[in-house]
file entry-v9.cif (mmCIF, C-alpha atoms)
data_target
loop_
_atom_site.label_atom_id
_atom_site.label_comp_id
_atom_site.auth_asym_id
_atom_site.auth_seq_id
_atom_site.Cartn_x
_atom_site.Cartn_y
_atom_site.Cartn_z
CA MET L 996 25.64 40.18 26.73
CA PRO L 997 23.06 40.48 23.88
CA LYS L 998 22.84 37.60 21.42
CA LEU L 999 24.37 38.50 18.08
CA PRO L 1000 22.61 37.46 14.82
CA PRO L 1001 24.28 34.66 12.89
CA PRO L 1002 26.72 35.81 10.20
CA PRO L 1003 25.46 35.68 6.63
CA PRO L 1004 26.58 32.61 4.69
CA SER L 1005 29.24 32.88 2.05
CA PRO L 1006 28.12 33.02 -1.62
CA THR L 1007 29.17 29.38 -2.05
CA ALA L 1008 27.15 28.28 0.98
CA ALA L 1009 24.12 30.25 -0.23
CA ARG L 1010 24.23 28.49 -3.60
CA SER L 1011 24.55 25.11 -1.85
CA LEU L 1012 21.58 25.89 0.36
CA ALA L 1013 19.41 26.81 -2.64
CA ALA L 1014 20.38 23.62 -4.44
CA ARG L 1015 19.42 21.28 -1.61
CA GLY L 1016 15.71 21.51 -2.27
CA PRO L 1017 12.61 22.89 -0.56
CA TRP L 1018 12.82 20.87 2.66
CA THR L 1019 16.38 22.17 3.46
CA ARG L 1020 15.30 25.75 2.81
CA ILE L 1021 12.27 25.30 5.06
CA ALA L 1022 14.55 24.03 7.83
CA ALA L 1023 16.79 27.06 7.32
CA ARG L 1024 14.14 29.62 8.20
CA GLY L 1025 15.44 32.30 10.46
CA SER L 1026 18.89 32.38 8.91
CA GLY L 1027 20.09 35.51 7.27
CA ALA L 1028 20.05 33.93 3.80
CA ALA L 1029 16.44 32.73 4.09
CA ARG L 1030 15.26 35.99 5.70
CA GLY L 1031 16.80 38.07 2.98
CA SER L 1032 14.92 36.34 0.11
CA ARG L 1033 11.72 35.20 1.85
CA PRO L 1034 9.22 36.00 -0.99
CA ALA L 1035 11.28 34.09 -3.58
CA ALA L 1036 11.88 31.20 -1.19
CA ARG L 1037 8.15 30.98 -0.40
CA GLY L 1038 7.32 30.79 -4.12
CA SER L 1039 9.92 28.07 -4.62
CA ARG L 1040 8.54 26.11 -1.68
CA LEU L 1041 4.98 26.33 -3.02
CA ALA L 1042 6.10 25.21 -6.49
CA ALA L 1043 8.02 22.28 -5.01
CA ARG L 1044 5.04 21.26 -2.89
CA GLY L 1045 2.87 21.36 -6.01
CA ARG L 1046 5.27 19.03 -7.80
CA TRP L 1047 5.28 16.65 -4.85
CA ILE L 1048 1.47 16.64 -4.68
CA ALA L 1049 1.23 16.01 -8.45
CA ALA L 1050 3.70 13.12 -8.20
CA LEU L 1051 1.82 11.62 -5.25
CA GLY L 1052 -1.47 11.98 -7.14
CA ALA L 1053 -0.02 10.15 -10.13
CA VAL L 1054 1.07 7.30 -7.87
CA LEU L 1055 -2.32 7.02 -6.18
CA VAL L 1056 -4.48 7.53 -9.27
CA GLY L 1057 -2.39 5.52 -11.72
CA CYS L 1058 -0.92 5.91 -15.17
CA ALA L 1059 -2.03 5.76 -18.77
CA VAL L 1060 -0.29 3.65 -21.43
CA HIS L 1061 -0.55 4.57 -25.11
CA ARG L 1062 2.30 3.33 -27.30
CA GLY L 1063 2.65 2.53 -30.97
CA GLU L 1064 1.68 4.29 -34.19
CA TRP L 1065 -1.78 5.79 -33.73
CA ALA L 1066 -3.73 8.24 -35.90
CA PRO L 1067 -6.99 10.10 -35.22
CA GLU L 1068 -9.94 8.51 -37.04
CA ASP L 1069 -13.69 8.28 -36.61
CA PRO L 1070 -14.80 4.62 -36.20
CA GLY L 1071 -17.90 5.38 -38.27
CA ALA L 1072 -16.00 6.94 -41.18
CA SER L 1073 -15.98 5.27 -44.57
CA THR L 1074 -12.97 3.09 -45.39
CA ALA L 1075 -13.59 2.95 -49.13
CA THR L 1076 -9.95 3.81 -49.82
CA ARG L 1077 -8.86 0.51 -48.22
CA GLU L 1078 -9.37 -3.00 -49.56
CA ARG L 1079 -12.83 -4.24 -48.68
CA PRO L 1080 -12.51 -7.22 -46.32
CA ALA L 1081 -14.53 -10.40 -46.74
CA LEU L 1082 -15.05 -10.55 -42.98
CA ARG L 1083 -14.78 -8.15 -40.05
CA LEU L 1084 -14.60 -9.30 -36.43
CA LEU L 1085 -15.29 -6.80 -33.65
CA LEU L 1086 -13.99 -7.81 -30.21
CA ILE L 1087 -15.86 -6.91 -27.01
CA GLY L 1088 -13.89 -7.87 -23.91
CA ASP L 1089 -14.55 -7.75 -20.16
CA ALA L 1090 -17.83 -5.90 -20.63
CA GLY L 1091 -19.12 -7.18 -17.30
CA HIS L 1092 -16.74 -5.01 -15.29
CA ARG L 1093 -19.25 -2.20 -15.68
CA GLY L 1094 -17.12 0.88 -16.12
CA ARG L 1095 -18.30 4.28 -17.28
CA HIS L 1096 -17.07 3.95 -20.86
CA GLY L 1097 -19.59 1.42 -22.17
CA SER L 1098 -21.74 3.98 -23.97
CA GLU L 1099 -18.73 5.54 -25.77
CA VAL L 1100 -17.46 2.15 -26.94
CA ALA L 1101 -20.98 1.03 -27.90
CA ALA L 1102 -21.43 4.12 -30.09
CA ALA L 1103 -18.09 3.45 -31.80
CA ILE L 1104 -18.93 -0.22 -32.42
CA ASP L 1105 -22.30 0.84 -33.80
CA GLY L 1106 -20.41 3.16 -36.14
CA ARG L 1107 -18.22 0.29 -37.32
CA LEU L 1108 -21.30 -1.89 -37.90
CA GLU L 1109 -22.99 0.89 -39.87
CA ALA L 1110 -19.85 1.43 -41.94
CA GLY L 1111 -19.68 -2.30 -42.61
CA ARG L 1112 -23.29 -2.40 -43.79
CA ALA L 1113 -22.65 0.53 -46.12
CA GLU L 1114 -19.58 -1.21 -47.58
CA GLY L 1115 -21.17 -4.65 -47.76
CA VAL L 1116 -18.78 -6.18 -45.20
CA ALA L 1117 -20.06 -9.14 -43.15
CA THR L 1118 -19.39 -8.46 -39.46
CA THR L 1119 -19.33 -10.85 -36.50
CA LEU L 1120 -19.25 -9.75 -32.87
CA LEU L 1121 -17.09 -11.74 -30.46
CA TRP L 1122 -17.60 -11.42 -26.69
CA LEU L 1123 -14.36 -12.50 -25.05
CA GLY L 1124 -15.43 -13.54 -21.56
CA ASP L 1125 -16.28 -11.80 -18.29
CA ASN L 1126 -19.41 -10.78 -20.16
CA LEU L 1127 -21.54 -10.61 -17.01
CA ALA L 1128 -21.12 -8.40 -13.96
CA PRO L 1129 -19.36 -10.48 -11.26
CA ALA L 1130 -20.84 -8.22 -8.57
CA ARG L 1131 -24.41 -9.24 -9.50
CA CYS L 1132 -24.33 -12.91 -10.55
CA ASP L 1133 -28.09 -12.93 -11.04
CA GLY L 1134 -27.95 -13.73 -14.75
CA ALA L 1135 -29.35 -10.32 -15.68
CA ILE L 1136 -27.81 -7.78 -18.04
CA ASP L 1137 -26.43 -4.93 -15.97
CA PRO L 1138 -27.78 -1.48 -16.93
CA ARG L 1139 -24.27 -0.10 -17.26
CA ILE L 1140 -23.44 -2.48 -20.14
CA ALA L 1141 -26.88 -2.07 -21.71
CA PRO L 1142 -25.51 0.24 -24.45
CA LEU L 1143 -23.27 -2.58 -25.68
CA THR L 1144 -25.95 -5.26 -25.48
CA GLU L 1145 -28.47 -3.02 -27.26
CA VAL L 1146 -26.08 -2.46 -30.17
CA ALA L 1147 -25.37 -6.20 -30.33
CA ALA L 1148 -29.07 -7.10 -30.14
CA ALA L 1149 -29.85 -4.76 -33.05
CA HIS L 1150 -27.00 -6.36 -35.02
CA VAL L 1151 -28.41 -9.85 -34.39
CA ARG L 1152 -31.95 -8.77 -35.33
CA ALA L 1153 -30.54 -7.47 -38.62
CA GLY L 1154 -29.12 -10.93 -39.35
CA GLY L 1155 -25.61 -10.45 -37.99
CA ALA L 1156 -23.65 -13.02 -35.99
CA SER L 1157 -22.62 -12.71 -32.34
CA TYR L 1158 -20.77 -15.39 -30.35
CA ALA L 1159 -19.21 -15.55 -26.89
CA ALA L 1160 -16.41 -17.19 -24.97
CA ILE L 1161 -16.58 -17.49 -21.19
CA GLY L 1162 -14.14 -16.13 -18.65
CA GLU L 1163 -13.44 -16.09 -14.95
CA ALA L 1164 -16.59 -14.11 -14.09
CA GLU L 1165 -18.88 -16.76 -15.57
CA TRP L 1166 -17.28 -19.48 -13.42
CA ALA L 1167 -17.28 -17.25 -10.33
CA CYS L 1168 -20.94 -16.37 -10.80
CA ALA L 1169 -21.88 -20.01 -11.26
CA GLY L 1170 -20.29 -20.76 -7.90
CA ARG L 1171 -21.89 -17.83 -6.08
CA SER L 1172 -25.36 -18.39 -7.47
CA ALA L 1173 -25.23 -22.21 -7.11
CA SER L 1174 -26.05 -22.54 -10.81
CA SER L 1175 -24.31 -24.23 -13.72
CA VAL L 1176 -21.76 -22.47 -15.89
CA ALA L 1177 -24.07 -23.18 -18.84
CA ALA L 1178 -26.65 -20.84 -17.32
CA GLN L 1179 -23.99 -18.14 -16.97
CA ARG L 1180 -22.55 -18.42 -20.47
CA GLN L 1181 -25.98 -17.97 -22.07
CA PRO L 1182 -28.17 -15.84 -19.77
CA ALA L 1183 -31.70 -14.90 -20.76
CA GLY L 1184 -31.75 -12.06 -23.24
CA ALA L 1185 -28.02 -12.15 -23.98
CA PRO L 1186 -27.29 -10.89 -27.52
CA TRP L 1187 -24.83 -13.67 -28.28
CA SER L 1188 -24.74 -17.42 -28.82
CA ALA L 1189 -22.56 -19.73 -26.72
CA PRO L 1190 -23.67 -23.32 -27.40
CA ALA L 1191 -20.85 -24.89 -25.37
CA GLU L 1192 -17.78 -24.01 -23.34
CA ASN L 1193 -15.62 -25.05 -26.31
CA TYR L 1194 -16.76 -24.94 -29.93
CA VAL L 1195 -15.79 -23.95 -33.48
CA ILE L 1196 -17.37 -21.21 -35.60
CA ARG L 1197 -16.82 -21.57 -39.34
CA VAL L 1198 -17.09 -18.45 -41.48
CA ASP L 1199 -17.52 -18.81 -45.23
CA VAL L 1200 -16.30 -16.43 -47.92
CA ASP L 1201 -19.76 -14.85 -48.07
CA GLY L 1202 -19.49 -13.96 -44.36
CA ARG L 1203 -22.00 -16.55 -43.16
CA ALA L 1204 -21.02 -17.89 -39.71
CA ARG L 1205 -22.24 -21.08 -38.06
CA VAL L 1206 -21.27 -23.62 -35.39
CA ALA L 1207 -19.14 -26.31 -37.08
CA SER L 1208 -18.33 -28.66 -34.18
CA ARG L 1209 -20.11 -31.17 -31.99
CA CYS L 1210 -18.85 -32.91 -28.85
CA GLU L 1211 -20.70 -35.80 -27.21
CA GLY L 1212 -20.35 -39.27 -25.71
CA THR L 1213 -18.41 -40.78 -22.83
CA PRO L 1214 -15.53 -40.28 -23.06
CA LEU L 1215 -16.10 -37.06 -24.96
CA ALA L 1216 -15.35 -37.11 -28.69
CA CYS L 1217 -15.70 -34.16 -31.06
CA THR L 1218 -16.34 -33.92 -34.77
CA ILE L 1219 -15.63 -30.97 -37.08
CA GLU L 1220 -17.71 -30.17 -40.14
CA ALA L 1221 -15.90 -30.97 -43.39
CA SER L 1222 -14.27 -27.97 -45.01
CA GLY L 1223 -14.97 -26.88 -48.57
CA ASP L 1224 -13.86 -24.25 -51.05
CA ALA L 1225 -16.30 -21.76 -49.50
CA SER L 1226 -14.66 -21.96 -46.06
CA LEU L 1227 -12.83 -18.76 -45.12
CA ILE L 1228 -11.71 -19.15 -41.52
CA ASP L 1229 -12.38 -21.14 -38.32
CA LEU L 1230 -12.78 -19.43 -34.96
CA VAL L 1231 -11.89 -21.93 -32.23
CA ILE L 1232 -13.53 -20.71 -29.02
CA LEU L 1233 -11.99 -22.31 -25.91
CA ASP L 1234 -12.71 -22.03 -22.19
CA SER L 1235 -9.34 -20.96 -20.76
CA ALA L 1236 -10.78 -20.12 -17.33
CA ALA L 1237 -11.55 -23.76 -16.51
CA TRP L 1238 -7.78 -24.29 -16.32
CA LEU L 1239 -6.40 -20.89 -15.31
CA ALA L 1240 -9.12 -19.94 -12.78
CA PRO L 1241 -10.74 -23.26 -11.79
CA PRO L 1242 -13.38 -23.70 -9.10
CA PRO L 1243 -12.17 -25.10 -5.76
CA PRO L 1244 -11.45 -28.86 -5.76
CA GLY L 1245 -14.37 -30.84 -4.45
CA SER L 1246 -16.88 -28.08 -5.14
CA ALA L 1247 -20.05 -28.63 -7.12
CA LEU L 1248 -18.47 -26.94 -10.15
CA ALA L 1249 -15.24 -28.97 -10.13
CA ALA L 1250 -16.86 -31.71 -12.22
CA GLU L 1251 -18.10 -29.13 -14.73
CA ALA L 1252 -14.59 -27.69 -15.03
CA ALA L 1253 -13.15 -31.17 -15.58
CA ARG L 1254 -15.73 -31.80 -18.32
CA SER L 1255 -14.88 -28.48 -19.98
CA LEU L 1256 -11.19 -29.38 -20.03
CA ALA L 1257 -11.97 -32.81 -21.48
CA GLU L 1258 -14.12 -31.15 -24.15
CA GLN L 1259 -11.28 -28.74 -24.91
CA ALA L 1260 -8.78 -31.57 -25.38
CA ALA L 1261 -11.21 -33.54 -27.58
CA LEU L 1262 -11.96 -30.51 -29.73
CA ILE L 1263 -8.27 -29.76 -30.32
CA ALA L 1264 -7.69 -33.43 -31.21
CA ALA L 1265 -10.52 -33.22 -33.74
CA LEU L 1266 -9.05 -30.06 -35.25
CA ARG L 1267 -5.72 -31.79 -35.73
CA ALA L 1268 -7.44 -34.65 -37.56
CA ALA L 1269 -9.70 -32.51 -39.77
CA PRO L 1270 -8.14 -30.31 -42.47
CA GLY L 1271 -9.70 -26.89 -42.79
CA PRO L 1272 -9.10 -23.18 -43.33
CA GLU L 1273 -6.82 -21.06 -41.16
CA ARG L 1274 -7.81 -21.34 -37.52
CA ILE L 1275 -7.78 -18.59 -34.90
CA LEU L 1276 -7.87 -19.27 -31.17
CA VAL L 1277 -10.51 -17.26 -29.28
CA SER L 1278 -10.30 -17.29 -25.48
CA HIS L 1279 -10.63 -15.03 -22.48
CA HIS L 1280 -6.96 -15.33 -21.46
CA PRO L 1281 -4.25 -14.31 -23.93
CA ILE L 1282 -1.25 -16.50 -24.65
CA GLU L 1283 1.09 -13.62 -23.73
CA SER L 1284 0.42 -10.15 -22.38
CA ALA L 1285 2.16 -6.83 -21.81
CA GLY L 1286 -0.32 -5.86 -19.06
CA PRO L 1287 -0.52 -6.71 -15.34
CA HIS L 1288 -1.50 -10.32 -16.15
CA GLY L 1289 1.68 -10.96 -18.15
CA VAL L 1290 4.84 -12.59 -16.83
CA GLY L 1291 6.48 -10.23 -14.36
CA GLY L 1292 3.20 -8.34 -13.85
CA ARG L 1293 1.04 -7.85 -10.77
CA TRP L 1294 -1.19 -10.90 -11.39
CA PRO L 1295 0.76 -13.17 -13.77
CA ASP L 1296 -1.56 -15.76 -15.30
CA SER L 1297 -1.33 -15.11 -19.05
CA ALA L 1298 1.71 -16.79 -20.53
CA TYR L 1299 2.29 -19.78 -22.77
CA ALA L 1300 3.60 -21.90 -19.87
CA PHE L 1301 0.44 -21.28 -17.80
CA HIS L 1302 -2.05 -22.70 -20.32
CA SER L 1303 -3.27 -26.29 -20.43
CA GLU L 1304 -1.15 -28.89 -22.20
CA PRO L 1305 -3.52 -29.30 -25.22
CA VAL L 1306 -3.50 -25.53 -25.82
CA ARG L 1307 0.29 -25.30 -25.47
CA ALA L 1308 0.80 -28.19 -27.86
CA ALA L 1309 -1.59 -26.69 -30.42
CA VAL L 1310 0.16 -23.31 -30.27
CA HIS L 1311 3.56 -25.00 -30.49
CA ASP L 1312 2.56 -27.08 -33.54
CA GLY L 1313 1.04 -24.19 -35.48
CA VAL L 1314 -2.59 -25.29 -35.29
CA PHE L 1315 -3.59 -21.62 -34.86
CA VAL L 1316 -2.44 -18.67 -36.95
CA GLY L 1317 -3.50 -16.17 -34.32
CA VAL L 1318 -5.13 -15.45 -30.95
CA LEU L 1319 -8.07 -13.20 -30.05
CA ALA L 1320 -8.34 -12.53 -26.31
CA ALA L 1321 -9.14 -10.03 -23.56
CA HIS L 1322 -8.56 -10.31 -19.76
CA GLU L 1323 -6.37 -7.22 -19.70
CA HIS L 1324 -8.40 -4.00 -19.52
CA ALA L 1325 -6.51 -2.63 -22.51
CA VAL L 1326 -6.11 -3.12 -26.25
CA GLN L 1327 -2.87 -4.45 -27.70
CA MET L 1328 -1.61 -6.30 -30.77
CA SER L 1329 1.47 -8.24 -31.82
CA ALA L 1330 2.48 -9.65 -35.21
CA ASP L 1331 4.20 -12.69 -33.68
CA LEU L 1332 4.27 -14.06 -30.13
CA SER L 1333 7.34 -16.23 -30.72
CA PRO L 1334 9.85 -13.86 -29.04
CA ALA L 1335 7.54 -13.35 -26.04
CA ILE L 1336 7.03 -17.10 -25.63
CA LYS L 1337 10.80 -17.59 -25.67
CA ARG L 1338 11.17 -14.98 -22.93
CA SER L 1339 8.31 -16.09 -20.71
CA SER L 1340 8.38 -19.87 -21.10
CA ARG L 1341 11.69 -20.79 -22.76
CA ALA L 1342 9.72 -22.49 -25.56
CA TRP L 1343 10.42 -22.38 -29.30
CA ILE L 1344 7.17 -22.73 -31.28
CA THR L 1345 7.20 -23.94 -34.87
CA ALA L 1346 5.34 -21.10 -36.63
CA PRO L 1347 4.48 -17.41 -36.16
CA ILE L 1348 1.23 -16.58 -34.36
CA PHE L 1349 -0.32 -13.12 -34.02
CA GLU L 1350 -2.32 -11.86 -31.04
CA LEU L 1351 -5.05 -9.24 -30.79
CA GLU L 1352 -6.46 -8.23 -27.40
CA GLY L 1353 -9.54 -6.13 -26.75
CA GLY L 1354 -10.50 -5.99 -23.07
CA ALA L 1355 -11.13 -2.24 -22.60
CA SER L 1356 -14.81 -2.15 -23.51
CA THR L 1357 -16.15 -0.66 -20.27
CA ARG L 1358 -13.51 -0.25 -17.55
CA PRO L 1359 -10.03 0.33 -18.99
CA ASP L 1360 -6.92 0.42 -16.84
CA ALA L 1361 -5.94 4.03 -17.57
CA TRP L 1362 -5.69 5.96 -14.28
CA ILE L 1363 -6.94 2.94 -12.27
CA GLY L 1364 -4.39 2.74 -9.45
CA ALA L 1365 -1.84 -0.05 -9.24
CA ARG L 1366 -3.23 -1.92 -12.28
CA SER L 1367 -1.75 0.78 -14.50
CA TRP L 1368 1.65 1.33 -12.84
CA ARG L 1369 4.58 0.54 -15.11
CA TYR L 1370 6.15 -1.48 -12.30
CA PHE L 1371 3.25 -3.97 -12.41
CA GLN L 1372 3.15 -4.55 -16.20
CA GLY L 1373 4.26 -7.74 -17.93
CA VAL L 1374 7.79 -7.87 -19.31
CA SER L 1375 7.79 -10.73 -21.83
CA LEU L 1376 5.74 -9.15 -24.64
CA ALA L 1377 6.67 -6.00 -26.56
CA PRO L 1378 3.48 -5.32 -28.56
CA ALA L 1379 3.40 -3.33 -31.77
CA ALA L 1380 0.76 -1.06 -30.19
CA ILE L 1381 -0.97 -0.90 -26.81
CA SER L 1382 -3.36 1.44 -25.03
CA ASN L 1383 -5.16 1.11 -21.71
CA HIS L 1384 -7.70 3.77 -22.63
CA ALA L 1385 -11.29 2.73 -23.45
CA GLY L 1386 -11.60 0.96 -26.78
CA PHE L 1387 -11.99 -2.28 -28.70
CA ALA L 1388 -10.19 -4.39 -31.28
CA GLU L 1389 -11.02 -5.38 -34.83
CA LEU L 1390 -9.79 -8.07 -37.23
CA ASN L 1391 -10.32 -7.75 -40.98
CA VAL L 1392 -9.88 -10.75 -43.28
CA ALA L 1393 -9.08 -9.45 -46.76
CA GLY L 1394 -7.67 -11.77 -49.40
CA ASP L 1395 -4.41 -13.28 -48.22
CA ALA L 1396 -3.95 -10.71 -45.45
CA LEU L 1397 -5.21 -10.20 -41.92
CA GLU L 1398 -5.49 -6.62 -40.72
CA LEU L 1399 -5.24 -6.18 -36.94
CA VAL L 1400 -6.83 -2.93 -35.77
CA LEU L 1401 -6.98 -1.23 -32.37
CA TRP L 1402 -9.38 1.57 -31.47
CA ALA L 1403 -8.76 3.70 -28.37
CA ARG L 1404 -10.46 6.86 -27.11
CA ARG L 1405 -7.82 9.21 -25.74
CA ALA L 1406 -8.36 12.84 -24.70
CA GLY L 1407 -11.89 12.75 -26.10
CA ARG L 1408 -10.84 11.56 -29.60
CA TRP L 1409 -10.84 8.14 -31.19
CA ARG L 1410 -7.50 6.89 -32.46
CA ARG L 1411 -6.68 3.93 -34.68
CA ALA L 1412 -3.62 1.68 -34.93
CA ALA L 1413 -3.30 -1.04 -37.57
CA LEU L 1414 -0.96 -3.89 -38.44
CA THR L 1415 -1.16 -6.31 -41.39
CA VAL L 1416 0.10 -9.91 -41.33
CA PRO L 1417 -0.20 -12.65 -43.98
CA ARG L 1418 -2.94 -15.25 -43.52
CA ARG L 1419 -0.46 -18.00 -44.31
CA ARG L 1420 3.09 -17.74 -43.00
CA PRO L 1421 5.90 -20.26 -43.38
CA PRO L 1422 7.15 -22.05 -40.26
CA HIS L 1423 10.16 -20.81 -38.37
CA PRO L 1424 13.53 -22.22 -39.42
CA VAL L 1425 15.01 -24.96 -37.27
CA GLU L 1426 17.43 -22.41 -35.82
CA SER L 1427 16.10 -18.95 -35.02
CA ALA L 1428 17.46 -15.95 -33.17
CA SER L 1429 16.43 -15.46 -29.55
CA PRO L 1430 15.53 -12.10 -27.98
CA GLY L 1431 16.96 -10.70 -24.77
CA MET L 1432 15.96 -13.14 -22.03
CA GLU L 1433 17.29 -11.51 -18.87
CA PRO L 1434 15.59 -12.45 -15.59
CA CYS L 1435 13.23 -9.96 -13.97
CA LEU L 1436 12.04 -9.20 -10.46
CA GLN L 1437 8.61 -10.88 -10.57
CA CYS L 1438 9.03 -13.42 -13.36
CA ASP L 1439 8.86 -16.52 -11.15
CA THR L 1440 6.12 -15.51 -8.73
CA THR L 1441 3.58 -17.93 -10.21
CA ALA L 1442 4.31 -21.57 -11.01
CA PRO L 1443 2.40 -23.15 -13.93
CA ARG L 1444 -0.43 -25.46 -12.88
CA GLN L 1445 0.51 -29.12 -13.17
#

call {"tool": "encode", "arguments": {"input": "entry-v9.cif", "output": "structure tokens"}}
result
Amino acid sequence: MPKLPPPPPSPTAARSLAARGPWTRIAARGSGAARGSRPAARGSRLAARGRWIAALGAVLVGCAVHRGEWAPEDPGASTATRERPALRLLLIGDAGHRGRHGSEVAAAIDGRLEAGRAEGVATTLLWLGDNLAPARCDGAIDPRIAPLTEVAAAHVRAGGASYAAIGEAEWACAGRSASSVAAQRQPAGAPWSAPAENYVIRVDVDGRARVASRCEGTPLACTIEASGDASLIDLVILDSAAWLAPPPPGSALAAEAARSLAEQAALIAALRAAPGPERILVSHHPIESAGPHGVGGRWPDSAYAFHSEPVRAAVHDGVFVGVLAAHEHAVQMSADLSPAIKRSSRAWITAPIFELEGGASTRPDAWIGARSWRYFQGVSLAPAAISNHAGFAELNVAGDALELVLWARRAGRWRRAALTVPRRRPPHPVESASPGMEPCLQCDTTAPRQ
């Protein structure tokens, strides 16, 4: 008896089959319903496959983060309509990771320097650690970051200031090359000054910057230059990597790391004893972060609880009015870290403290695999603006205000985000509201170093 073809499905069954998705329709080939609408079904299958491939590509390639209030603006454009600042700080972070965006960022920084010269604004460059290429460790300036170093060198030759903090790469390179960390923080030809692992830069109202601290003796003791009416702000540059990314115990560098931590503690003690202008912490690692190094992120090492005891105590007691940092390959800014510190570390600090991060100078996180996935980002900090596209950060000191500025290059255009905070803010009240502090999946994956 010949085999009869299967009966056509009912209208309800046909609608159900179409709603089940491309893989069910593929499995249903040969049925009367599929055979009757083969061209349309093939187009639907191809469209669905395209969506699957696009989704898989996004997972493998990564994501881009760009949140906050941004506006298109040329970094070299005149800012005459805004209040002229007494000081401008331009932050260059993680330059040593040698991405392909160094020339774009260098051109934008050069534009900001040129605009500052035209407006009569004193500008200081701050290199925020990981300044050297960890893949080389030969103390030479890598060609891929040459655009940045050339701009900085021209700035220094013109009489501008340029200072550096050290990060994890400097300690790692010292270990690999069997050299001292001092040789790594100040390599030959570097367009910055780094006289110690921990030191203070004082900037006067005329924009003149100089080293204002000295640490010596056994045990180490530090002194801070007396402050006068001309003092505008102190930049306290600390070596956070000696604590958060130390060399192996017993290694040749372990003693250097111990000395750096002792110098850090002595310098903070001297700051407490010496009155002065508002002080800003400058370090490679941020106090809090919304990137993959924040609490709950892929590599959590940037939270209040993770820092050394002298740094935590200084932040708690209001020694610093703000933080300038990098480490994350992104730019982000926050008016006050107090809510984030409550979430990450269950600590209630005494005064507000802003944070400005600029670690996207050469190799930003946008579209860089797992580093950029939302699942692997920190959960304690909700910044006012953040972007993991190539860019840099800027701090303007104007009168009684501090203007935090982010620059990010997205879709071939530069964009600017800005936030203004007072230079002097009153302490928090004894009782203050707490943010949502729910637990998260990866919040306890790293225990603070004891």

call {"tool": "atom_distance", "arguments": {"input": "entry-v9.cif", "atom1": "atom CA of L:Arg1338", "atom2": "atom CA of L:Ala1365"}}
result
24.1 Å

call {"tool": "resolve_selection", "arguments": {"input": "entry-v9.cif", "expression": "the PyMOL selection byres ((chain L and resi 1255) around 8)", "output": "list in words"}}
result
Glu1192, Asn1193, Asp1234, Ala1237, Glu1251, Ala1252, Ala1253, Arg1254, Leu1256, Ala1257, Glu1258 and Gln1259 of chain L

call {"tool": "residues_near_point", "arguments": {"input": "entry-v9.cif", "point": "(-33.3, -11.7, -15.2)", "cutoff": "9 Å", "atoms": "all atoms listed in the file", "output": "ChimeraX atom specification"}}
result
/L:1133-1136,1182-1184

call {"tool": "atom_distance", "arguments": {"input": "entry-v9.cif", "atom1": "atom CA of L:Glu1350", "atom2": "atom CA of L:Pro1241"}}
result
23.9 Å

call {"tool": "atom_distance", "arguments": {"input": "entry-v9.cif", "atom1": "atom CA of L:Val1206", "atom2": "atom CA of L:Tyr1194"}}
result
7.2 Å

call {"tool": "closest_residue", "arguments": {"input": "entry-v9.cif", "among": "L:Ile1219, L:Ala1355, L:Gly1097, L:Gly1170", "to": "L:Ala1268", "atoms": "all atoms listed in the file"}}
result
L:Ile1219

call {"tool": "resolve_selection", "arguments": {"input": "entry-v9.cif", "expression": "the PyMOL selection byres ((chain L and resi 1137) around 8)", "output": "list in words"}}
result
Gly1091, Arg1093, Leu1127, Ala1128, Ala1135, Ile1136, Pro1138, Arg1139, Ile1140 and Ala1141 of chain L

call {"tool": "residues_near_point", "arguments": {"input": "entry-v9.cif", "point": "(-0.1, -17.5, -23.7)", "cutoff": "12 Å", "atoms": "only C-alpha atoms", "output": "VMD selection string"}}
result
chain L and resid 1235 1239 1276 to 1285 1288 to 1290 1295 to 1304 1306 to 1311 1317 to 1322 1331 to 1340 1342 1344 1348 to 1352 1375 to 1376 1443

call {"tool": "closest_residue", "arguments": {"input": "entry-v9.cif", "among": "L:Ser1039, L:Thr1441, L:Ser1356, L:Thr1074", "to": "L:Glu1099", "atoms": "all atoms listed in the file"}}
result
L:Ser1356

call {"tool": "residues_around", "arguments": {"input": "entry-v9.cif", "residues": "L:Trp1065", "least_positions_apart": "6", "cutoff": "7 Å", "atoms": "all atoms listed in the file", "output": "list of chain:residue names"}}
result
L:Arg1410, L:Arg1411, L:Ala1412

call {"tool": "resolve_selection", "arguments": {"input": "entry-v9.cif", "expression": "the PyMOL selection byres ((chain L and resi 1113) around 12)", "output": "list of chain:residue names"}}
result
L:Gly1071, L:Ala1072, L:Ser1073, L:Thr1074, L:Ala1075, L:Arg1079, L:Gly1106, L:Arg1107, L:Leu1108, L:Glu1109, L:Ala1110, L:Gly1111, L:Arg1112, L:Glu1114, L:Gly1115, L:Val1116, L:Ala1117, L:Thr1118

call {"tool": "write_last_selection", "arguments": {"input": "entry-v9.cif", "atoms": "C-alpha atoms", "output": "compact mmCIF listing (two decimals), keeping the file's coordinate frame"}}
result
# COMPACT_ATOMS: atom_id res chain seq x y z
CA GLY L 1071 -17.90 5.38 -38.27
CA ALA L 1072 -16.00 6.94 -41.18
CA SER L 1073 -15.98 5.27 -44.57
CA THR L 1074 -12.97 3.09 -45.39
CA ALA L 1075 -13.59 2.95 -49.13
CA ARG L 1079 -12.83 -4.24 -48.68
CA GLY L 1106 -20.41 3.16 -36.14
CA ARG L 1107 -18.22 0.29 -37.32
CA LEU L 1108 -21.30 -1.89 -37.90
CA GLU L 1109 -22.99 0.89 -39.87
CA ALA L 1110 -19.85 1.43 -41.94
CA GLY L 1111 -19.68 -2.30 -42.61
CA ARG L 1112 -23.29 -2.40 -43.79
CA GLU L 1114 -19.58 -1.21 -47.58
CA GLY L 1115 -21.17 -4.65 -47.76
CA VAL L 1116 -18.78 -6.18 -45.20
CA ALA L 1117 -20.06 -9.14 -43.15
CA THR L 1118 -19.39 -8.46 -39.46
